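Structure first, then comments.
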Amino acid sequence: MMGFEGFQHIYGEPKAEWTKNSDSSSPPFRRFLMHIFAPDYNHIKVHVTDFRSNTFGAVKTIMQLEDMRDIIGIGGSWSEFVEYMIASLKSEDVKLVVEKHSSSDGPACANLVAQKSKGMPLISISLTKLVDSAVNDAIEDMSFGLFESLKSMQNLILQERDSCSQLTKLRSVEKDSRGTPQNQSEKRQRFEKVNSSIESGALSRLSSNGLQDSPDKQSTRDPVSNKVKTRGVPAYRRAKARGAILQDIEEDEDN
């Protein structure tokens, strides 16, 4: 589809110079500001001004740009041509070549010459010098265009800031749900403390149970059993156990 739908404002500072056949004594130029935009789908406007005495402008239709495209010799689709033209006008090598009146020192017309890069086709748009109310209209369009571009940029910045704020809140919620490393460390310390306390209690109970089952404890709890174990053996039984009675028996037999 041919047209300028979605065409964004283009601003730049072309390098102004006189044509090669101009007198070397021609005065130097002030700085120029360039503004290119599409007032509708079928036209683009080009304004270049130094905000003093030199303002140039042109309105180009689709048909005129198609003719320029044929002269330059750029193939491809219409959208590819428009993309190349925009890239050329946004490049660093944009010139405003000004031509003098033959009868005065003032400029008569100019050409806006742009090139995407060296060796690529040149985009050349012829401009006429504007006077009276046309100059005011050009500066008005340029001023409001700058304001709208600034406003659009501010809205984009606010949207980006809101998006960043929402992402920060989401990350904070995710951290709280998972637990920060500090909270996890505190939880782990509390768990180890409780676990250590449980183990200490278990060891204490085991120790107390061992003391209750020790021989000393048993002897203290069961005095009867203790007495039985420590009770002495009768004398006659101890003698037999030592073998002393066998000697006595032999002496008795001799007698």
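By convention here, the chains of the structure tokens are called A, B, ... in the order presented, each chain's residues are numbered starting at 1, and ligands are numbered starting at 1 in the order presented.
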
Residue neighbourhood Asn136 of chain A, 10 Å, only C-alpha atoms, exclusion window fewer than 6 positions, as a ChimeraX atom specification: /A:51,55,130,142

DSSP on the backbone: what in segment 6-118 of chain A comes out strand (DSSP E or B), as a short mmCIF file (atom, residue, chain, number, x, y, z; two decimals) with N, CA and C atoms, in the first residue's frame?
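Dumped everything to part.cif:
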data_model
loop_
_atom_site.label_atom_id
_atom_site.label_comp_id
_atom_site.auth_asym_id
_atom_site.auth_seq_id
_atom_site.Cartn_x
_atom_site.Cartn_y
_atom_site.Cartn_z
N ILE A 10 10.73 13.88 11.50
CA ILE A 10 12.18 13.79 11.38
C ILE A 10 12.77 15.18 11.62
N TYR A 11 13.73 15.25 12.53
CA TYR A 11 14.44 16.50 12.80
C TYR A 11 15.93 16.28 12.58
N GLY A 12 16.59 17.33 12.16
CA GLY A 12 18.02 17.23 11.96
C GLY A 12 18.65 18.60 11.72
N LYS A 15 24.03 20.49 7.09
CA LYS A 15 25.19 21.36 6.92
C LYS A 15 24.95 22.25 5.69
N ALA A 16 24.80 23.54 5.94
CA ALA A 16 24.49 24.47 4.85
C ALA A 16 25.76 24.89 4.12
N GLU A 17 25.66 24.95 2.81
CA GLU A 17 26.78 25.40 1.98
C GLU A 17 26.23 25.99 0.68
N TRP A 18 27.00 26.89 0.10
CA TRP A 18 26.62 27.48 -1.18
C TRP A 18 26.94 26.50 -2.31
N LEU A 33 17.85 24.26 11.04
CA LEU A 33 17.13 23.12 11.61
C LEU A 33 16.16 22.60 10.56
N MET A 34 16.14 21.29 10.40
CA MET A 34 15.30 20.64 9.39
C MET A 34 14.14 19.92 10.06
N HIS A 35 12.97 20.01 9.42
CA HIS A 35 11.77 19.33 9.93
C HIS A 35 11.03 18.70 8.75
N ILE A 36 10.81 17.38 8.83
CA ILE A 36 10.11 16.66 7.77
C ILE A 36 8.99 15.86 8.42
N PHE A 37 7.76 15.99 7.90
CA PHE A 37 6.63 15.27 8.48
C PHE A 37 5.57 15.04 7.39
N ALA A 38 4.59 14.22 7.71
CA ALA A 38 3.51 13.90 6.78
C ALA A 38 2.20 14.47 7.32
N PRO A 39 1.66 15.53 6.72
CA PRO A 39 0.38 16.08 7.18
C PRO A 39 -0.80 15.16 6.89
N ASP A 40 -0.64 14.28 5.91
CA ASP A 40 -1.67 13.28 5.59
C ASP A 40 -0.97 12.09 4.93
N HIS A 43 1.03 13.15 1.31
CA HIS A 43 2.01 14.23 1.16
C HIS A 43 3.03 14.19 2.30
N ILE A 44 4.20 14.72 2.01
CA ILE A 44 5.17 15.04 3.07
C ILE A 44 5.57 16.50 2.91
N LYS A 45 5.87 17.14 4.05
CA LYS A 45 6.34 18.52 4.06
C LYS A 45 7.77 18.57 4.55
N VAL A 46 8.54 19.45 3.92
CA VAL A 46 9.94 19.65 4.30
C VAL A 46 10.16 21.13 4.58
N HIS A 47 10.64 21.42 5.80
CA HIS A 47 10.96 22.80 6.18
C HIS A 47 12.38 22.85 6.71
N VAL A 48 13.12 23.86 6.29
CA VAL A 48 14.48 24.09 6.78
C VAL A 48 14.60 25.58 7.05
N THR A 49 15.01 25.94 8.26
CA THR A 49 15.07 27.36 8.63
C THR A 49 16.24 27.65 9.55
N THR A 55 14.38 30.71 5.27
CA THR A 55 13.50 29.56 5.51
C THR A 55 13.11 28.98 4.17
N PHE A 56 13.31 27.67 4.04
CA PHE A 56 13.00 26.97 2.79
C PHE A 56 11.96 25.89 3.07
N GLY A 57 11.18 25.57 2.04
CA GLY A 57 10.16 24.55 2.23
C GLY A 57 9.74 23.91 0.93
N ALA A 58 9.04 22.76 1.07
CA ALA A 58 8.50 22.05 -0.08
C ALA A 58 7.44 21.08 0.40
N VAL A 59 6.47 20.82 -0.49
CA VAL A 59 5.44 19.80 -0.27
C VAL A 59 5.56 18.80 -1.41
N LYS A 60 5.74 17.52 -1.08
CA LYS A 60 5.93 16.49 -2.10
C LYS A 60 4.80 15.47 -2.01
N THR A 61 4.25 15.16 -3.20
CA THR A 61 3.20 14.14 -3.29
C THR A 61 3.84 12.78 -3.56
N VAL A 94 23.76 14.98 5.84
CA VAL A 94 22.66 15.69 5.17
C VAL A 94 23.11 17.13 4.91
N LYS A 95 22.96 17.57 3.69
CA LYS A 95 23.43 18.90 3.31
C LYS A 95 22.29 19.75 2.77
N LEU A 96 22.40 21.04 3.04
CA LEU A 96 21.50 22.03 2.44
C LEU A 96 22.34 22.86 1.48
N VAL A 97 22.17 22.58 0.20
CA VAL A 97 22.95 23.27 -0.83
C VAL A 97 22.13 24.45 -1.34
N VAL A 98 22.62 25.67 -1.05
CA VAL A 98 21.87 26.90 -1.32
C VAL A 98 22.40 27.57 -2.59
N GLU A 99 21.46 28.04 -3.40
CA GLU A 99 21.81 28.73 -4.64
C GLU A 99 21.42 30.20 -4.54
N LYS A 100 22.27 31.07 -5.04
CA LYS A 100 22.05 32.51 -4.95
C LYS A 100 21.14 33.01 -6.06
N PRO A 107 19.87 34.17 -1.00
CA PRO A 107 19.60 32.88 -1.60
C PRO A 107 18.26 32.86 -2.32
N ALA A 108 18.20 32.06 -3.36
CA ALA A 108 16.96 31.95 -4.14
C ALA A 108 16.23 30.65 -3.86
N CYS A 109 16.97 29.57 -3.81
CA CYS A 109 16.38 28.25 -3.57
C CYS A 109 17.46 27.34 -3.01
N ALA A 110 17.10 26.11 -2.72
CA ALA A 110 18.07 25.19 -2.13
C ALA A 110 17.66 23.75 -2.44
N ASN A 111 18.59 22.86 -2.27
CA ASN A 111 18.34 21.42 -2.40
C ASN A 111 18.76 20.73 -1.10
N LEU A 112 17.90 19.88 -0.61
CA LEU A 112 18.24 19.06 0.56
C LEU A 112 18.76 17.73 0.04
N VAL A 113 20.03 17.48 0.28
CA VAL A 113 20.69 16.30 -0.28
C VAL A 113 21.07 15.37 0.87
N ALA A 114 20.64 14.09 0.74
CA ALA A 114 20.91 13.11 1.80
C ALA A 114 21.37 11.81 1.17
N GLN A 115 22.13 11.07 1.93
CA GLN A 115 22.68 9.80 1.47
C GLN A 115 22.82 8.87 2.67
#

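Selecting helix (DSSP H, G or I) from the backbone DSSP output for segment 67-126 of chain A yields Asp67, Met68, Arg69, Asp70, Ile71, Ile72, Trp78, Ser79, Glu80, Phe81, Val82, Glu83, Tyr84, Met85, Ile86, Ala87, Ser88 and Leu89 of chain A.
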
Residues of the last selection are to be written out with N, CA and C atoms, as a PDB file, in the first residue's frame.
ATOM      1  N   ASP A  67       8.443   9.790  -9.145  1.00  0.00           N
ATOM      2  CA  ASP A  67       9.284  10.282 -10.240  1.00  0.00           C
ATOM      3  C   ASP A  67      10.738  10.401  -9.793  1.00  0.00           C
ATOM      4  N   MET A  68      10.945  10.928  -8.579  1.00  0.00           N
ATOM      5  CA  MET A  68      12.302  11.040  -8.054  1.00  0.00           C
ATOM      6  C   MET A  68      12.927   9.664  -7.892  1.00  0.00           C
ATOM      7  N   ARG A  69      12.139   8.717  -7.486  1.00  0.00           N
ATOM      8  CA  ARG A  69      12.626   7.346  -7.324  1.00  0.00           C
ATOM      9  C   ARG A  69      13.094   6.770  -8.668  1.00  0.00           C
ATOM     10  N   ASP A  70      12.313   7.043  -9.728  1.00  0.00           N
ATOM     11  CA  ASP A  70      12.706   6.550 -11.063  1.00  0.00           C
ATOM     12  C   ASP A  70      13.981   7.222 -11.552  1.00  0.00           C
ATOM     13  N   ILE A  71      14.102   8.513 -11.269  1.00  0.00           N
ATOM     14  CA  ILE A  71      15.305   9.243 -11.702  1.00  0.00           C
ATOM     15  C   ILE A  71      16.551   8.722 -10.973  1.00  0.00           C
ATOM     16  N   ILE A  72      16.393   8.482  -9.679  1.00  0.00           N
ATOM     17  CA  ILE A  72      17.524   7.986  -8.886  1.00  0.00           C
ATOM     18  C   ILE A  72      17.865   6.555  -9.293  1.00  0.00           C
ATOM     19  N   TRP A  78       7.561   0.117  -2.735  1.00  0.00           N
ATOM     20  CA  TRP A  78       7.394   1.492  -2.262  1.00  0.00           C
ATOM     21  C   TRP A  78       7.844   1.632  -0.810  1.00  0.00           C
ATOM     22  N   SER A  79       7.483   0.682   0.012  1.00  0.00           N
ATOM     23  CA  SER A  79       7.863   0.751   1.437  1.00  0.00           C
ATOM     24  C   SER A  79       9.380   0.700   1.594  1.00  0.00           C
ATOM     25  N   GLU A  80      10.061  -0.068   0.766  1.00  0.00           N
ATOM     26  CA  GLU A  80      11.524  -0.116   0.833  1.00  0.00           C
ATOM     27  C   GLU A  80      12.133   1.225   0.432  1.00  0.00           C
ATOM     28  N   PHE A  81      11.531   1.883  -0.553  1.00  0.00           N
ATOM     29  CA  PHE A  81      12.019   3.195  -0.967  1.00  0.00           C
ATOM     30  C   PHE A  81      11.831   4.224   0.152  1.00  0.00           C
ATOM     31  N   VAL A  82      10.658   4.204   0.788  1.00  0.00           N
ATOM     32  CA  VAL A  82      10.395   5.135   1.892  1.00  0.00           C
ATOM     33  C   VAL A  82      11.361   4.883   3.041  1.00  0.00           C
ATOM     34  N   GLU A  83      11.622   3.622   3.355  1.00  0.00           N
ATOM     35  CA  GLU A  83      12.575   3.294   4.415  1.00  0.00           C
ATOM     36  C   GLU A  83      13.971   3.823   4.090  1.00  0.00           C
ATOM     37  N   TYR A  84      14.377   3.685   2.834  1.00  0.00           N
ATOM     38  CA  TYR A  84      15.699   4.183   2.437  1.00  0.00           C
ATOM     39  C   TYR A  84      15.746   5.715   2.524  1.00  0.00           C
ATOM     40  N   MET A  85      14.668   6.376   2.099  1.00  0.00           N
ATOM     41  CA  MET A  85      14.622   7.833   2.157  1.00  0.00           C
ATOM     42  C   MET A  85      14.698   8.319   3.605  1.00  0.00           C
ATOM     43  N   ILE A  86      13.956   7.675   4.496  1.00  0.00           N
ATOM     44  CA  ILE A  86      13.982   8.069   5.914  1.00  0.00           C
ATOM     45  C   ILE A  86      15.378   7.856   6.501  1.00  0.00           C
ATOM     46  N   ALA A  87      15.980   6.700   6.209  1.00  0.00           N
ATOM     47  CA  ALA A  87      17.324   6.417   6.717  1.00  0.00           C
ATOM     48  C   ALA A  87      18.331   7.444   6.204  1.00  0.00           C
ATOM     49  N   SER A  88      18.185   7.869   4.954  1.00  0.00           N
ATOM     50  CA  SER A  88      19.097   8.865   4.389  1.00  0.00           C
ATOM     51  C   SER A  88      18.924  10.215   5.070  1.00  0.00           C
ATOM     52  N   LEU A  89      17.663  10.637   5.296  1.00  0.00           N
ATOM     53  CA  LEU A  89      17.393  11.925   5.920  1.00  0.00           C
ATOM     54  C   LEU A  89      17.777  11.951   7.399  1.00  0.00           C
TER      55      LEU A  89
END
